[in-house]
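One file, data.cif, carrying mmCIF, C-alpha atoms and all ligand atoms:
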data_work
loop_
_atom_site.label_atom_id
_atom_site.label_comp_id
_atom_site.auth_asym_id
_atom_site.auth_seq_id
_atom_site.Cartn_x
_atom_site.Cartn_y
_atom_site.Cartn_z
CA MET A 1 0.00 0.00 0.00
CA ALA A 2 1.56 3.28 -1.17
CA SER A 3 1.27 6.67 0.24
CA ILE A 4 3.98 8.22 2.29
CA LEU A 5 3.76 11.87 1.21
CA PRO A 6 6.74 14.21 1.05
CA ALA A 7 7.03 16.43 4.11
CA SER A 8 6.28 19.49 1.98
CA ASN A 9 2.73 18.29 1.20
CA ARG A 10 -0.12 20.27 2.63
CA SER A 11 -2.66 18.77 4.94
CA MET A 12 -4.93 16.19 3.33
CA ARG A 13 -7.85 17.48 5.35
CA PRO A 14 -10.96 17.30 3.19
CA ASP A 15 -13.32 20.11 2.40
CA ARG A 16 -16.51 19.29 4.30
CA ASN A 17 -18.68 21.25 1.82
CA THR A 18 -18.22 18.51 -0.75
CA TYR A 19 -19.75 15.95 1.60
CA ASP A 20 -23.43 16.39 0.77
CA GLY A 21 -25.60 13.42 -0.19
CA LYS A 22 -23.80 10.54 1.54
CA ARG A 23 -23.39 9.31 5.10
CA PHE A 24 -20.01 10.73 6.05
CA VAL A 25 -18.18 10.31 9.33
CA HIS A 26 -18.70 13.28 11.64
CA VAL A 27 -15.94 14.47 13.85
CA LYS A 28 -17.31 16.78 16.50
CA ASN A 29 -14.32 18.89 17.31
CA PRO A 30 -14.01 22.49 16.07
CA TYR A 31 -10.29 22.50 16.84
CA LEU A 32 -9.54 19.92 14.16
CA ASP A 33 -10.29 22.48 11.46
CA THR A 34 -7.71 24.83 12.89
CA MET A 35 -4.92 22.26 12.75
CA ASP A 36 -2.49 22.30 9.86
CA GLU A 37 -1.62 18.66 10.40
CA ASP A 38 -3.21 15.80 12.35
CA ILE A 39 -0.85 13.13 13.62
CA LEU A 40 -2.64 9.90 14.49
CA TYR A 41 0.11 9.00 16.89
CA HIS A 42 -0.99 5.52 18.03
CA LEU A 43 -1.69 4.43 14.45
CA ASP A 44 1.57 5.82 13.10
CA LEU A 45 -0.33 7.73 10.41
CA GLY A 46 -0.82 11.41 9.71
CA THR A 47 -2.44 13.87 7.32
CA LYS A 48 0.87 15.25 6.06
CA THR A 49 2.85 12.05 5.97
CA HIS A 50 0.21 9.80 4.36
CA ASN A 51 -2.32 10.20 1.59
CA LEU A 52 -5.23 9.02 3.70
CA PRO A 53 -7.93 9.41 0.99
CA GLU A 54 -5.84 7.29 -1.38
CA MET A 55 -5.02 4.69 1.25
CA PHE A 56 -8.45 4.42 2.89
CA GLY A 57 -11.04 6.28 0.80
CA ASP A 58 -12.73 3.06 -0.39
CA VAL A 59 -13.24 1.58 3.11
CA LYS A 60 -16.86 0.53 3.72
CA PHE A 61 -16.49 -2.01 6.54
CA VAL A 62 -14.32 -1.63 9.61
CA CYS A 63 -13.94 -4.59 11.95
CA VAL A 64 -12.31 -4.18 15.33
CA GLY A 65 -11.34 -6.68 18.01
CA GLY A 66 -8.95 -6.93 20.92
CA SER A 67 -6.23 -9.18 19.62
CA PRO A 68 -3.74 -8.32 16.83
CA ASN A 69 -3.49 -11.94 15.67
CA ARG A 70 -7.26 -12.34 15.48
CA MET A 71 -7.61 -9.17 13.43
CA ARG A 72 -4.83 -10.27 11.10
CA ALA A 73 -6.49 -13.67 10.70
CA PHE A 74 -9.78 -11.91 9.96
CA ALA A 75 -8.16 -9.76 7.25
CA LEU A 76 -6.62 -12.85 5.62
CA PHE A 77 -9.95 -14.68 5.83
CA MET A 78 -11.82 -11.73 4.27
CA HIS A 79 -9.19 -11.48 1.56
CA LYS A 80 -9.87 -15.07 0.60
CA GLU A 81 -13.64 -14.73 0.90
CA LEU A 82 -13.68 -11.63 -1.30
CA GLY A 83 -11.67 -13.51 -3.93
CA LEU A 84 -9.13 -10.71 -4.21
CA VAL A 85 -6.24 -11.25 -6.55
CA GLU A 86 -3.33 -9.80 -4.58
CA GLY A 87 -1.33 -12.37 -2.62
CA GLU A 88 -1.78 -12.68 1.14
CA GLU A 89 1.76 -11.39 1.55
CA ASP A 90 0.51 -7.97 0.39
CA ILE A 91 -1.66 -7.68 3.49
CA LYS A 92 0.79 -5.93 5.77
CA ASP A 93 0.29 -4.26 9.11
CA ILE A 94 -0.35 -0.61 8.20
CA CYS A 95 0.51 0.43 11.76
CA ALA A 96 3.77 -1.54 11.89
CA GLY A 97 5.61 1.61 12.97
CA THR A 98 3.87 1.41 16.36
CA ASP A 99 3.24 -1.64 18.50
CA ARG A 100 0.06 -0.21 20.04
CA TYR A 101 -2.44 -1.42 17.42
CA CYS A 102 -2.41 -3.48 14.22
CA MET A 103 -4.32 -2.55 11.07
CA PHE A 104 -4.87 -4.54 7.89
CA LYS A 105 -6.79 -3.63 4.76
CA THR A 106 -8.23 -5.91 2.13
CA GLY A 107 -10.48 -4.35 -0.51
CA PRO A 108 -13.12 -2.26 1.28
CA VAL A 109 -12.53 -4.00 4.63
CA LEU A 110 -10.32 -2.59 7.37
CA SER A 111 -9.42 -4.83 10.30
CA ILE A 112 -7.93 -3.24 13.43
CA SER A 113 -6.97 -4.43 16.89
CA HIS A 114 -7.92 -2.33 19.90
CA GLY A 115 -6.36 -4.04 22.91
CA MET A 116 -8.30 -4.70 26.10
CA GLY A 117 -10.71 -2.37 27.82
CA VAL A 118 -12.37 1.02 27.46
CA PRO A 119 -9.31 3.29 27.55
CA SER A 120 -7.48 1.24 24.92
CA ILE A 121 -10.39 1.02 22.44
CA SER A 122 -11.30 4.65 23.08
CA ILE A 123 -7.86 5.92 22.00
CA MET A 124 -7.96 3.71 18.92
CA LEU A 125 -11.49 4.92 18.04
CA HIS A 126 -10.58 8.61 18.31
CA GLU A 127 -7.79 8.08 15.80
CA LEU A 128 -9.73 5.65 13.59
CA ILE A 129 -12.73 7.99 13.34
CA LYS A 130 -10.46 10.90 12.45
CA LEU A 131 -8.74 8.65 9.91
CA LEU A 132 -12.08 7.79 8.24
CA HIS A 133 -12.96 11.49 8.25
CA HIS A 134 -9.65 12.62 6.76
CA ALA A 135 -9.92 9.82 4.17
CA ARG A 136 -13.42 11.10 3.22
CA CYS A 137 -14.93 7.66 3.72
CA CYS A 138 -18.70 7.41 3.41
CA ASP A 139 -21.38 4.84 4.28
CA VAL A 140 -19.08 2.97 6.66
CA THR A 141 -20.31 0.14 8.87
CA ILE A 142 -18.18 -0.68 11.91
CA ILE A 143 -18.39 -3.96 13.79
CA ARG A 144 -16.64 -5.13 16.94
CA ILE A 145 -15.92 -8.86 16.70
CA GLY A 146 -14.87 -10.10 20.11
CA THR A 147 -15.03 -12.66 22.85
CA SER A 148 -17.14 -12.46 25.99
CA GLY A 149 -18.51 -14.35 28.96
CA GLY A 150 -22.08 -15.55 28.49
CA ILE A 151 -24.86 -15.47 31.06
CA GLY A 152 -27.32 -18.36 30.92
CA ILE A 153 -26.42 -19.36 27.36
CA ALA A 154 -24.27 -22.16 25.96
CA PRO A 155 -20.57 -21.42 25.47
CA GLY A 156 -19.88 -20.84 21.77
CA SER A 157 -23.07 -18.82 21.30
CA VAL A 158 -22.66 -15.63 19.33
CA VAL A 159 -24.38 -12.62 20.89
CA ILE A 160 -25.40 -9.78 18.57
CA THR A 161 -25.79 -6.77 20.82
CA ASP A 162 -28.94 -4.67 20.64
CA THR A 163 -27.90 -2.37 23.48
CA ALA A 164 -24.64 -2.08 25.38
CA VAL A 165 -25.17 -1.50 29.10
CA ASP A 166 -22.91 -0.54 31.98
CA SER A 167 -22.33 -2.44 35.23
CA PHE A 168 -25.64 -1.07 36.54
CA PHE A 169 -27.45 -2.44 33.45
CA LYS A 170 -28.00 1.10 32.17
CA PRO A 171 -27.71 1.89 28.43
CA GLN A 172 -25.11 4.59 28.95
CA PHE A 173 -21.42 5.33 28.98
CA GLU A 174 -19.98 7.79 31.46
CA GLN A 175 -17.02 9.72 30.09
CA VAL A 176 -15.06 11.81 32.56
CA ILE A 177 -14.18 15.05 30.74
CA LEU A 178 -12.07 17.50 32.76
CA ASP A 179 -13.80 17.19 36.14
CA ASN A 180 -17.27 16.47 34.76
CA VAL A 181 -19.02 13.19 34.08
CA VAL A 182 -20.68 13.27 30.67
CA THR A 183 -23.27 10.56 30.05
CA ARG A 184 -23.57 9.25 26.51
CA SER A 185 -26.10 6.88 24.93
CA THR A 186 -24.99 3.36 24.02
CA GLU A 187 -27.84 2.48 21.64
CA LEU A 188 -26.65 0.49 18.64
CA ASP A 189 -28.23 0.21 15.20
CA LYS A 190 -31.19 -2.17 15.75
CA GLU A 191 -31.74 -2.74 12.03
CA LEU A 192 -28.12 -3.76 11.59
CA ALA A 193 -28.39 -6.15 14.55
CA GLU A 194 -31.51 -7.72 12.98
CA GLU A 195 -29.78 -7.98 9.62
CA LEU A 196 -26.84 -9.75 11.24
CA PHE A 197 -29.17 -12.07 13.10
CA ASN A 198 -30.97 -12.96 9.87
CA CYS A 199 -27.60 -13.60 8.26
CA SER A 200 -26.66 -15.93 11.14
CA LYS A 201 -29.78 -18.04 10.52
CA LYS A 202 -28.43 -18.96 7.09
CA ILE A 203 -25.26 -20.47 8.55
CA PRO A 204 -25.76 -24.13 9.48
CA ASN A 205 -25.34 -24.98 13.18
CA PHE A 206 -24.61 -21.39 14.11
CA PRO A 207 -25.89 -20.55 17.61
CA ALA A 208 -26.68 -16.83 17.64
CA LEU A 209 -29.01 -14.55 19.53
CA ILE A 210 -29.72 -10.87 20.06
CA GLY A 211 -29.33 -9.51 23.59
CA HIS A 212 -27.90 -6.80 25.78
CA THR A 213 -24.15 -6.80 26.34
CA MET A 214 -22.72 -5.59 29.62
CA CYS A 215 -19.43 -3.70 29.44
CA THR A 216 -17.21 -3.61 32.53
CA TYR A 217 -13.94 -1.91 33.43
CA ASP A 218 -12.33 -5.12 34.64
CA PHE A 219 -12.25 -8.83 33.78
CA TYR A 220 -12.14 -10.09 37.39
CA GLU A 221 -13.92 -8.24 40.21
CA GLY A 222 -15.67 -6.01 37.65
CA GLN A 223 -17.31 -9.10 36.09
CA GLY A 224 -18.07 -10.76 39.43
CA ARG A 225 -15.30 -13.35 39.20
CA LEU A 226 -14.23 -15.28 42.25
CA ASP A 227 -10.79 -16.15 40.80
CA GLY A 228 -8.93 -12.82 40.65
CA ALA A 229 -6.09 -11.70 42.90
CA LEU A 230 -8.70 -9.78 44.87
CA CYS A 231 -12.25 -10.82 45.72
CA SER A 232 -14.38 -9.23 48.40
CA PHE A 233 -17.78 -10.80 47.73
CA SER A 234 -19.38 -14.21 48.21
CA ARG A 235 -20.38 -16.79 45.59
CA GLU A 236 -24.00 -16.01 46.48
CA LYS A 237 -23.53 -12.28 45.81
CA LYS A 238 -21.84 -13.06 42.50
CA LEU A 239 -24.70 -15.30 41.36
CA ASP A 240 -27.31 -12.83 42.55
CA TYR A 241 -25.63 -10.08 40.47
CA LEU A 242 -25.32 -12.20 37.33
CA LYS A 243 -28.93 -13.39 37.64
CA ARG A 244 -30.10 -9.79 37.96
CA ALA A 245 -28.06 -8.97 34.87
CA TYR A 246 -29.78 -11.83 33.02
CA GLU A 247 -33.21 -10.57 34.13
CA ALA A 248 -32.28 -7.12 32.81
CA GLY A 249 -31.69 -8.72 29.37
CA VAL A 250 -27.90 -9.08 29.56
CA ARG A 251 -26.66 -12.17 27.71
CA ASN A 252 -22.93 -11.51 27.69
CA ILE A 253 -20.18 -9.48 29.34
CA GLU A 254 -17.15 -7.87 27.74
CA MET A 255 -15.08 -4.73 28.15
CA GLU A 256 -15.48 -2.34 25.22
CA SER A 257 -19.07 -2.20 23.93
CA THR A 258 -20.37 0.90 25.75
CA VAL A 259 -17.66 3.30 24.65
CA PHE A 260 -17.68 1.74 21.18
CA ALA A 261 -21.45 2.28 20.85
CA ALA A 262 -21.28 5.79 22.30
CA MET A 263 -18.43 7.05 20.13
CA CYS A 264 -19.62 5.44 16.90
CA GLY A 265 -23.17 6.70 17.51
CA LEU A 266 -22.00 10.28 18.06
CA CYS A 267 -19.85 10.21 14.95
CA GLY A 268 -22.56 8.85 12.65
CA LEU A 269 -21.14 5.38 12.14
CA LYS A 270 -23.50 2.43 11.75
CA ALA A 271 -22.21 0.11 14.47
CA ALA A 272 -22.67 -3.44 15.73
CA VAL A 273 -21.10 -5.64 18.39
CA VAL A 274 -20.83 -9.38 17.76
CA CYS A 275 -19.10 -11.45 20.43
CA VAL A 276 -18.82 -15.18 20.94
CA THR A 277 -19.21 -16.44 24.51
CA LEU A 278 -16.38 -18.54 25.94
CA LEU A 279 -18.15 -19.82 29.06
CA ASP A 280 -21.40 -19.52 30.98
CA ARG A 281 -20.68 -17.29 33.95
CA LEU A 282 -23.50 -18.90 35.92
CA ASP A 283 -21.42 -22.10 35.83
CA CYS A 284 -17.82 -20.95 36.18
CA ASP A 285 -15.25 -18.17 36.02
CA GLN A 286 -12.19 -19.81 34.45
CA ILE A 287 -11.87 -20.28 30.72
CA THR A 288 -10.95 -23.93 30.30
CA LEU A 289 -11.47 -24.32 26.54
CA SER A 290 -8.76 -26.11 24.59
CA HIS A 291 -6.75 -23.98 22.15
CA ASP A 292 -8.54 -25.54 19.18
CA VAL A 293 -12.01 -24.93 20.57
CA LEU A 294 -11.07 -21.37 21.51
CA MET A 295 -9.86 -20.73 17.95
CA GLU A 296 -13.00 -22.25 16.48
CA TYR A 297 -15.22 -20.10 18.73
CA GLN A 298 -13.27 -16.95 17.85
CA ARG A 299 -13.83 -17.65 14.16
CA ARG A 300 -17.64 -17.63 14.59
CA PRO A 301 -18.10 -13.83 14.64
CA GLN A 302 -15.65 -13.65 11.72
CA LEU A 303 -17.71 -16.12 9.68
CA LEU A 304 -20.91 -14.21 10.35
CA ILE A 305 -19.37 -10.86 9.44
CA SER A 306 -17.75 -12.24 6.31
CA ASN A 307 -21.15 -13.53 5.15
CA PHE A 308 -22.73 -10.19 5.99
CA ILE A 309 -20.07 -8.23 4.07
CA LYS A 310 -20.29 -10.51 1.05
CA LYS A 311 -24.06 -10.11 1.06
CA LYS A 312 -23.79 -6.31 1.28
CA LEU A 313 -21.29 -6.27 -1.56
CA GLY A 314 -23.63 -8.42 -3.65
CA LEU A 315 -20.94 -11.07 -3.97
CA CYS A 316 -23.20 -13.87 -2.84
CA ASP A 317 -25.40 -14.79 0.03
CA GLN A 318 -24.30 -18.34 0.24
CA ILE A 319 -22.46 -19.85 3.14
CA SER A 320 -18.76 -20.60 2.98
O1 LIG B 1 -12.10 -8.49 21.55
P1 LIG B 1 -11.76 -9.19 22.81
O2 LIG B 1 -11.89 -10.65 22.67
O3 LIG B 1 -10.37 -8.80 23.29
O4 LIG B 1 -12.77 -8.74 23.97
C1 LIG B 1 -12.89 -9.26 25.25
C2 LIG B 1 -13.00 -8.12 26.25
C3 LIG B 1 -11.58 -7.92 26.71
O5 LIG B 1 -10.92 -7.03 25.84
C4 LIG B 1 -10.96 -9.28 26.60
C5 LIG B 1 -10.86 -9.98 27.94
O6 LIG B 1 -10.38 -11.28 27.80
O7 LIG B 1 -11.79 -10.04 25.71
O1 LIG B 2 -15.63 -13.77 30.59
C1 LIG B 2 -15.15 -13.09 29.68
C2 LIG B 2 -14.59 -13.69 28.52
C3 LIG B 2 -14.06 -12.87 27.57
N1 LIG B 2 -14.07 -11.53 27.76
C4 LIG B 2 -14.59 -10.96 28.86
O2 LIG B 2 -14.56 -9.72 29.01
N2 LIG B 2 -15.13 -11.76 29.79
#

Show how you would write the structure in this file as structure tokens.
Amino acid sequence: MASILPASNRSMRPDRNTYDGKRFVHVKNPYLDTMDEDILYHLDLGTKTHNLPEMFGDVKFVCVGGSPNRMRAFALFMHKELGLVEGEEDIKDICAGTDRYCMFKTGPVLSISHGMGVPSISIMLHELIKLLHHARCCDVTIIRIGTSGGIGIAPGSVVITDTAVDSFFKPQFEQVILDNVVTRSTELDKELAEELFNCSKKIPNFPALIGHTMCTYDFYEGQGRLDGALCSFSREKKLDYLKRAYEAGVRNIEMESTVFAAMCGLCGLKAAVVCVTLLDRLDCDQITLSHDVLMEYQRRPQLLISNFIKKKLGLCDQIS
């Protein structure tokens, strides 16, 4: 992928007046317009050093997930599924100059890792959303493909999130800005969730459901685990909490969905969260799956999203 610009090049910032008629990415920051250059530090990209419209202008689907290897595997899988002619060796990590995140592009699909937890995905999303804006991308759908702990559902089930909720089962994300708490909505695109669910029904033996996803700030105490280095509650309290979560409509727990939903919603991106469950938290806390089973489970959201993308691109609606 080309596109290191000479240092003398002017900013690639687009003219927003030419944006009419399509669903463009909104950045909601008046200061961006006053900047001569925008350095996307954690992605090792910038408006003066890279021709972002040339590199990314055709992106229509962005898939994000915690692990660099998973997101690389997804890019390679999509490359094959889209029947693209370039060799796999051409799919290089676009962010290789930093070891914070990995990014791969194949055709109109961008695959990016975001690390674990709200702060990590939030930094990546700020820079990714600015990247899509600078690249003048339009009609972009963004999907988080992750892993999670299930509540009251069989391990291996794929949960398509209708609403991301916080640890109090509320559909909101609280962002501390200066010394204020700003509450943002975590509603996701319901039509997109339905479309994904319908897509899942066409895949044989594919256990999928729509439900609320709870996002926590921690994997251990924050998710009611009894097996962390610290635990100050009883087994009964844990089960009572998880059962109340289930009654509130929560079917899985992970660590990024609320900020993902809030930021994508505010910036006009159609967004979905699709996570496979690795265990049923009503039964246990430790993840005891074999490596092979874990890999197979992690491929489930990828398979669903690849079918969805192929359908949207009119390539086919058959199952691979
Ligand atoms: O996308 P991944 O599988 O990384 O998401 C979940 C939530 C945390 O980031 C992590 C915890 O194991 O997995
Ligand atoms: O239990 C789990 C499994 C994966 N990811 C989580 O956040 N929790």

Kindly assemble as a Markdown table a list of the chain A residues that lie within 10 Å of ligand LIG 2 (chain B), each paired with its nearest atom pair and their distance in Å to one decimal, using all atoms listed in the file, sorted first by chain and then by ascending residue number.
| residue | atom | partner | partner_atom | distance |
| --- | --- | --- | --- | --- |
| A:Gly66 | CA | B:LIG2 | N1 | 9.7 |
| A:Met116 | CA | B:LIG2 | O2 | 8.5 |
| A:Gly117 | CA | B:LIG2 | O2 | 8.4 |
| A:Gly146 | CA | B:LIG2 | N1 | 7.8 |
| A:Thr147 | CA | B:LIG2 | C3 | 4.8 |
| A:Ser148 | CA | B:LIG2 | C3 | 3.5 |
| A:Gly149 | CA | B:LIG2 | O1 | 3.4 |
| A:Gly150 | CA | B:LIG2 | O1 | 7.0 |
| A:Ile151 | CA | B:LIG2 | O1 | 9.4 |
| A:Met214 | CA | B:LIG2 | O2 | 9.2 |
| A:Cys215 | CA | B:LIG2 | O2 | 7.8 |
| A:Thr216 | CA | B:LIG2 | O2 | 7.5 |
| A:Tyr217 | CA | B:LIG2 | O2 | 9.0 |
| A:Asp218 | CA | B:LIG2 | O2 | 7.6 |
| A:Phe219 | CA | B:LIG2 | O2 | 5.4 |
| A:Tyr220 | CA | B:LIG2 | N2 | 8.3 |
| A:Gly222 | CA | B:LIG2 | O2 | 9.5 |
| A:Gln223 | CA | B:LIG2 | N2 | 7.2 |
| A:Gly224 | CA | B:LIG2 | O1 | 9.7 |
| A:Arg225 | CA | B:LIG2 | O1 | 8.6 |
| A:Asn252 | CA | B:LIG2 | N2 | 8.1 |
| A:Ile253 | CA | B:LIG2 | N2 | 5.6 |
| A:Glu254 | CA | B:LIG2 | O2 | 3.4 |
| A:Met255 | CA | B:LIG2 | O2 | 5.1 |
| A:Glu256 | CA | B:LIG2 | O2 | 8.3 |
| A:Cys275 | CA | B:LIG2 | C3 | 8.9 |
| A:Val276 | CA | B:LIG2 | C3 | 8.5 |
| A:Thr277 | CA | B:LIG2 | C2 | 6.7 |
| A:Leu278 | CA | B:LIG2 | C2 | 5.8 |
| A:Leu279 | CA | B:LIG2 | O1 | 6.7 |
| A:Asp280 | CA | B:LIG2 | O1 | 8.2 |
| A:Arg281 | CA | B:LIG2 | O1 | 7.0 |
| A:Cys284 | CA | B:LIG2 | O1 | 9.4 |
| A:Asp285 | CA | B:LIG2 | O1 | 7.0 |
| A:Gln286 | CA | B:LIG2 | O1 | 8.0 |
| A:Ile287 | CA | B:LIG2 | C2 | 7.5 |

task = Between A:Ser185, A:Ser306, A:Ser167, A:Asn69, single out the one closest to ligand LIG 1 (chain B), counting all atoms listed in the file.
result = A:Asn69

request  = Go through A:Ser113, A:Gln302, A:Thr47, A:Thr163 one by one, measure the shortest atom-to-atom distance of each to Lys130 in chain A using all atoms listed in the file, and give the residue with the smallest value.
outcome  =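 Closest to Lys130 in chain A of all the choices is A:Thr47.
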
Given all atoms listed in the file as the counted atoms, nearest of A:Val62, A:Leu289, A:Val274, A:Leu52 to ligand LIG 1 (chain B) =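 For ligand LIG 1 (chain B), the nearest of the candidates is A:Val274.
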
query = When you draw a straight line from CA of Asn198 in chain A to CA of Lys310 in chain A, how long is it in Å?
reply =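 Computing the Euclidean distance for CA of Asn198 in chain A and CA of Lys310 in chain A yields 14.1 Å.
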
request  = Determine the nearest neighbour of ligand LIG 1 (chain B) from the options A:Lys22, A:Arg299, A:Lys270, A:Lys48, counting only C-alpha atoms and all ligand atoms.
outcome  =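 Of A:Lys22, A:Arg299, A:Lys270, A:Lys48, the one nearest ligand LIG 1 (chain B), counting only C-alpha atoms and all ligand atoms, is A:Arg299.
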
inquiry  = Which residue is closest to Gly265 in chain A? Choose from A:Glu236, A:Glu174, A:Glu187, A:Asp93 and count only C-alpha atoms.
reply    =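 With only C-alpha atoms as the atom set, the closest residue is A:Glu187.
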
query = Closest to Leu269 in chain A among A:Asp99, A:Asp139, A:Asp179, A:Glu81, using only C-alpha atoms?
reply =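 Once distances to Leu269 in chain A are computed over only C-alpha atoms, the minimum belongs to A:Asp139.
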
ask   = How many Å separate CA of Ala262 in chain A from CA of Phe173 in chain A?
value =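 One can read the CA of Ala262 in chain A to CA of Phe173 in chain A distance as 6.7 Å.
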
task = Determine, counting all atoms listed in the file, which protein, DNA and RNA residues have an atom within 10 Å of an atom of range 34-46 of chain A; residues of the same chain fewer than 2 positions away are not included. Present the result as JSON, numbers by chain.
result = {"A": [4, 5, 10, 11, 12, 13, 29, 30, 31, 32, 48, 49, 50, 51, 52, 94, 95, 96, 97, 98, 99, 100, 101, 102, 103, 112, 123, 124, 126, 127, 128, 130, 131, 134]}

inquiry  = Quick check, in Å to one decimal: how far apart do CA of Gln175 in chain A and CA of Ala229 in chain A lie?
reply    = 27.2 Å

7 Å contact set for Val59 in chain A, only C-alpha atoms, chain neighbours under 3 positions out, as number ranges by chain = A: 56, 108-110, 137, 140

message = Can you tell me which residues surround range 190-197 of chain A at a distance of at most 10 Å, considering all atoms listed in the file, apart from same-chain residues fewer than 3 positions away, and format the answer as a ChimeraX atom specification?
response = /A:141,143,158-163,187,200-202,208-211,270-274,304-305,307-309

Non-local contacts of Leu266 in chain A (9 Å; all atoms listed in the file; under 6 positions in same chain excluded) as a list in words =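 Close residues of Leu266 in chain A: His26, Val27, Lys28, Arg184 and Ser185 of chain A.
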
How big is the axis-aligned box around the listed atoms of range 256-269 of chain A once 6 Å is added on each side, and where is its centre? Give both in Å to one decimal, as lines of an AutoDock Vina configuration file.
center_x = -19.3
center_y = 4.0
center_z = 18.9
size_x = 19.7
size_y = 24.6
size_z = 25.6

task = Pick out the residues sitting within 10 Å of Phe168 in chain A, and hand them over as a PyMOL selection string; count only C-alpha atoms, and ignore anything fewer than 3 positions along from it in its own chain.
result = chain A and resi 165+171-172+214-216+241+244-245+248
